[in-house]
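**Q** Have a peek at start24.pdb (PDB, C-alpha atoms and all ligand atoms).
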```pdb
ATOM      1  CA  MET A 113      11.075  -0.056  -2.162  1.00  0.00           C
ATOM      2  CA  ASP A 114      10.181   0.233  -5.822  1.00  0.00           C
ATOM      3  CA  ALA A 115      11.731  -2.203  -8.251  1.00  0.00           C
ATOM      4  CA  MET A 116      12.995   0.712 -10.328  1.00  0.00           C
ATOM      5  CA  SER A 117      15.223   3.339  -8.763  1.00  0.00           C
ATOM      6  CA  ALA A 118      16.486   6.650 -10.094  1.00  0.00           C
ATOM      7  CA  ASN A 119      19.791   4.947 -10.910  1.00  0.00           C
ATOM      8  CA  ASP A 120      17.990   2.591 -13.319  1.00  0.00           C
ATOM      9  CA  LEU A 121      16.689   5.452 -15.430  1.00  0.00           C
ATOM     10  CA  ASP A 122      18.534   7.137 -18.257  1.00  0.00           C
ATOM     11  CA  CYS A 123      17.219  10.553 -17.297  1.00  0.00           C
ATOM     12  CA  VAL A 124      14.669  12.126 -14.976  1.00  0.00           C
ATOM     13  CA  LEU A 125      12.023  14.523 -16.298  1.00  0.00           C
ATOM     14  CA  ASP A 126       8.975  16.082 -14.681  1.00  0.00           C
ATOM     15  CA  GLY A 127       5.514  14.495 -14.890  1.00  0.00           C
ATOM     16  CA  ASN A 128       4.550  16.517 -17.951  1.00  0.00           C
ATOM     17  CA  ALA A 129       6.798  14.277 -20.010  1.00  0.00           C
ATOM     18  CA  ALA A 130       4.510  11.311 -19.162  1.00  0.00           C
ATOM     19  CA  ALA A 131       1.364  13.064 -20.457  1.00  0.00           C
ATOM     20  CA  GLY A 132       1.098  10.959 -23.610  1.00  0.00           C
ATOM     21  CA  ARG A 133       1.360   7.639 -21.780  1.00  0.00           C
ATOM     22  CA  LEU A 134      -1.073   8.698 -19.039  1.00  0.00           C
ATOM     23  CA  GLN A 135      -3.634   9.992 -21.549  1.00  0.00           C
ATOM     24  CA  GLU A 136      -3.515   6.616 -23.323  1.00  0.00           C
ATOM     25  CA  ILE A 137      -4.680   5.029 -20.050  1.00  0.00           C
ATOM     26  CA  PHE A 138      -7.203   7.523 -18.731  1.00  0.00           C
ATOM     27  CA  VAL A 139      -9.448   7.484 -21.813  1.00  0.00           C
ATOM     28  CA  LEU A 140      -9.953   3.710 -21.738  1.00  0.00           C
ATOM     29  CA  GLU A 141     -13.100   1.929 -20.493  1.00  0.00           C
ATOM     30  CA  ILE A 142     -12.702   1.759 -16.723  1.00  0.00           C
ATOM     31  CA  THR A 143     -15.360  -0.845 -15.873  1.00  0.00           C
ATOM     32  CA  THR A 144     -13.587  -3.614 -17.789  1.00  0.00           C
ATOM     33  CA  ALA A 145     -10.124  -2.733 -16.469  1.00  0.00           C
ATOM     34  CA  GLN A 146      -8.662  -5.391 -14.155  1.00  0.00           C
ATOM     35  CA  ILE A 147      -8.026  -4.158 -10.639  1.00  0.00           C
ATOM     36  CA  GLN A 148      -6.022  -5.930  -7.963  1.00  0.00           C
ATOM     37  CA  CYS A 149      -6.686  -5.500  -4.241  1.00  0.00           C
ATOM     38  CA  ASN A 150      -3.627  -4.647  -2.202  1.00  0.00           C
ATOM     39  CA  ALA A 151      -5.049  -6.317   0.923  1.00  0.00           C
ATOM     40  CA  CYS A 152      -6.109  -9.758  -0.357  1.00  0.00           C
ATOM     41  CA  SER A 153      -4.758  -9.925  -3.942  1.00  0.00           C
ATOM     42  CA  PHE A 154      -8.269 -10.333  -5.407  1.00  0.00           C
ATOM     43  CA  SER A 155      -8.196  -9.492  -9.100  1.00  0.00           C
ATOM     44  CA  GLY A 156     -11.269  -8.713 -11.167  1.00  0.00           C
ATOM     45  CA  ALA A 157     -12.997  -6.112 -13.293  1.00  0.00           C
ATOM     46  CA  VAL A 158     -13.624  -2.683 -11.795  1.00  0.00           C
ATOM     47  CA  GLY A 159     -17.276  -3.290 -12.652  1.00  0.00           C
ATOM     48  CA  SER A 160     -17.335  -6.221 -10.197  1.00  0.00           C
ATOM     49  CA  LEU A 161     -16.421  -4.037  -7.210  1.00  0.00           C
ATOM     50  CA  ARG A 162     -19.056  -3.068  -4.623  1.00  0.00           C
ATOM     51  CA  LEU A 163     -20.189   0.540  -4.903  1.00  0.00           C
ATOM     52  CA  TYR A 164     -21.145   2.620  -1.883  1.00  0.00           C
ATOM     53  CA  ALA A 165     -22.463   5.837  -3.371  1.00  0.00           C
ATOM     54  CA  GLY A 166     -23.405   8.993  -1.536  1.00  0.00           C
ATOM     55  CA  PRO A 167     -23.716  12.697  -2.112  1.00  0.00           C
ATOM     56  CA  MET A 168     -19.982  13.157  -1.600  1.00  0.00           C
ATOM     57  CA  GLY A 169     -19.007  10.606  -4.233  1.00  0.00           C
ATOM     58  CA  ALA A 170     -18.343   6.928  -4.718  1.00  0.00           C
ATOM     59  CA  VAL A 171     -16.440   4.364  -2.681  1.00  0.00           C
ATOM     60  CA  LEU A 172     -15.603   1.104  -4.439  1.00  0.00           C
ATOM     61  CA  ARG A 173     -14.784  -1.861  -2.223  1.00  0.00           C
ATOM     62  CA  CYS A 174     -13.213  -5.237  -2.894  1.00  0.00           C
ATOM     63  CA  PRO A 175     -15.956  -7.899  -3.248  1.00  0.00           C
ATOM     64  CA  HIS A 176     -13.720 -10.409  -1.448  1.00  0.00           C
ATOM     65  CA  CYS A 177     -12.384  -8.554   1.635  1.00  0.00           C
ATOM     66  CA  GLU A 178     -14.301  -5.219   1.588  1.00  0.00           C
ATOM     67  CA  ALA A 179     -11.107  -3.118   1.470  1.00  0.00           C
ATOM     68  CA  ILE A 180     -11.578   0.279  -0.164  1.00  0.00           C
ATOM     69  CA  LEU A 181      -9.949   0.169  -3.587  1.00  0.00           C
ATOM     70  CA  MET A 182     -11.132   3.448  -5.107  1.00  0.00           C
ATOM     71  CA  ARG A 183     -12.664   6.695  -3.900  1.00  0.00           C
ATOM     72  CA  ALA A 184     -14.003   9.146  -6.471  1.00  0.00           C
ATOM     73  CA  ARG A 185     -15.534  12.453  -5.528  1.00  0.00           C
ATOM     74  CA  HIS A 186     -16.186  15.947  -6.686  1.00  0.00           C
ATOM     75  CA  THR A 187     -15.122  18.702  -4.325  1.00  0.00           C
ATOM     76  CA  PRO A 188     -15.246  22.484  -4.630  1.00  0.00           C
ATOM     77  CA  TYR A 189     -11.533  22.214  -5.415  1.00  0.00           C
ATOM     78  CA  GLY A 190     -11.784  19.642  -8.190  1.00  0.00           C
ATOM     79  CA  ARG A 191     -12.285  15.962  -8.872  1.00  0.00           C
ATOM     80  CA  ARG A 192     -10.376  13.560  -6.666  1.00  0.00           C
ATOM     81  CA  LEU A 193      -9.531   9.921  -7.212  1.00  0.00           C
ATOM     82  CA  GLY A 194      -7.925   7.920  -4.415  1.00  0.00           C
ATOM     83  CA  MET A 195      -6.580   4.437  -5.043  1.00  0.00           C
ATOM     84  CA  THR A 196      -4.539   3.630  -1.951  1.00  0.00           C
ATOM     85  CA  GLY A 197      -6.079   0.150  -1.627  1.00  0.00           C
ATOM     86  CA  THR A 198      -5.283  -0.775  -5.219  1.00  0.00           C
ATOM     87  CA  ARG A 199      -2.134  -2.715  -6.019  1.00  0.00           C
ATOM     88  CA  CYS A 200      -2.518  -2.533  -9.781  1.00  0.00           C
ATOM     89  CA  LEU A 201      -4.958  -1.408 -12.456  1.00  0.00           C
ATOM     90  CA  ARG A 202      -4.582  -3.116 -15.846  1.00  0.00           C
ATOM     91  CA  PHE A 203      -6.392  -2.150 -19.063  1.00  0.00           C
TER      92      PHE A 203
HETATM   93 ZN    ZN A 301      -9.520  -7.522  -1.172  1.00  0.00          ZN
END
```
Show this structure as structure tokens.

**A**
Amino acid sequence: MDAMSANDLDCVLDGNAAAGRLQEIFVLEITTAQIQCNACSFSGAVGSLRLYAGPMGAVLRCPHCEAILMRARHTPYGRRLGMTGTRCLRF
């Protein structure tokens, strides 16, 4: 369960209201951002991850336990970024 619940918030808006905060994050340099592995708690720069690149996109694995931390790919339907193996990304 998340540490913050709906009862802890003053009001609930849709995701558009977070646009400013999200745009502050997604323009920053990604390779120096600190990423934490959800499987083994490794923490290091995104640039230190192991890249497995192919025609479908990129898979970035933890250098300590090989868990998949990020998947980035272009599809006919748009760009997709998966981060299910990531506990936290800090800029
Ligand atoms: Zn790991």

**Q** Can you tell me which residues come within 9 Å of ligand ZN 301 (chain A) when counting only C-alpha atoms and all ligand atoms, ideally as an MDAnalysis selection string?

**A** chainID A and resid 148:155 173:181 197:198

**Q** Atom CA of A:Ala184 and atom CA of A:Ala170, how far apart in Å?

**A**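 Atom CA of A:Ala170 sits 5.2 Å away from atom CA of A:Ala184.
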
**Q** Do you have the atom CA of A:Thr187-atom CA of A:Leu163 distance handy?

**A**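 Atom-to-atom, atom CA of A:Thr187 to atom CA of A:Leu163, that is 18.9 Å.
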
**Q** When you count only C-alpha atoms, which of these residues is closest to A:Val171: A:Cys123, A:Leu201, A:Leu193, A:Leu140?

**A** A:Leu193

**Q** Any idea what the distance is between atom CA of A:Asn128 and atom CA of A:Arg192?

**A** 18.9 Å

**Q** Starting from the PyMOL selection byres (((chain A and resi 141) around 12) and not hetatm), expand the selection into actual residues of this file and give them as a PyMOL selection string.

**A** chain A and resi 136-140+142-146+157-159+201-203

**Q** Could those selected residues go to a file with C-alpha atoms, as a PDB file, in the frame of the given file?

**A**
```
ATOM      1  CA  GLU A 136      -3.515   6.616 -23.323  1.00  0.00           C
ATOM      2  CA  ILE A 137      -4.680   5.029 -20.050  1.00  0.00           C
ATOM      3  CA  PHE A 138      -7.203   7.523 -18.731  1.00  0.00           C
ATOM      4  CA  VAL A 139      -9.448   7.484 -21.813  1.00  0.00           C
ATOM      5  CA  LEU A 140      -9.953   3.710 -21.738  1.00  0.00           C
ATOM      6  CA  ILE A 142     -12.702   1.759 -16.723  1.00  0.00           C
ATOM      7  CA  THR A 143     -15.360  -0.845 -15.873  1.00  0.00           C
ATOM      8  CA  THR A 144     -13.587  -3.614 -17.789  1.00  0.00           C
ATOM      9  CA  ALA A 145     -10.124  -2.733 -16.469  1.00  0.00           C
ATOM     10  CA  GLN A 146      -8.662  -5.391 -14.155  1.00  0.00           C
ATOM     11  CA  ALA A 157     -12.997  -6.112 -13.293  1.00  0.00           C
ATOM     12  CA  VAL A 158     -13.624  -2.683 -11.795  1.00  0.00           C
ATOM     13  CA  GLY A 159     -17.276  -3.290 -12.652  1.00  0.00           C
ATOM     14  CA  LEU A 201      -4.958  -1.408 -12.456  1.00  0.00           C
ATOM     15  CA  ARG A 202      -4.582  -3.116 -15.846  1.00  0.00           C
ATOM     16  CA  PHE A 203      -6.392  -2.150 -19.063  1.00  0.00           C
TER      17      PHE A 203
END
```

**Q** At a cut-off of 7 Å, using only C-alpha atoms, what residues contact A:Met168? Leave out same-chain residues fewer than 2 positions from it and give the result as a PDB file with C-alpha atoms, in the coordinates of the input.

**A**
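To be explicit, this is the file written out as around-v7.pdb:
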```
ATOM      1  CA  GLY A 166     -23.405   8.993  -1.536  1.00  0.00           C
ATOM      2  CA  ARG A 185     -15.534  12.453  -5.528  1.00  0.00           C
ATOM      3  CA  HIS A 186     -16.186  15.947  -6.686  1.00  0.00           C
TER       4      HIS A 186
END
```

**Q** For stretch 155-161 of chain A, take all atoms listed in the file, fit an axis-aligned box around them, add 4 Å to each of the six sides, then output centre and edge lengths in Å rounded to one decimal, as AutoDock Vina command-line options.

**A**
```
--center_x -12.8 --center_y -6.1 --center_z -10.3 --size_x 17.1 --size_y 14.8 --size_z 14.1
```

**Q** May I ask which of the residues A:Cys200, A:Arg133, A:Gly127, A:Ile147 is the closest one to A:Leu172, counting only C-alpha atoms?

**A** A:Ile147
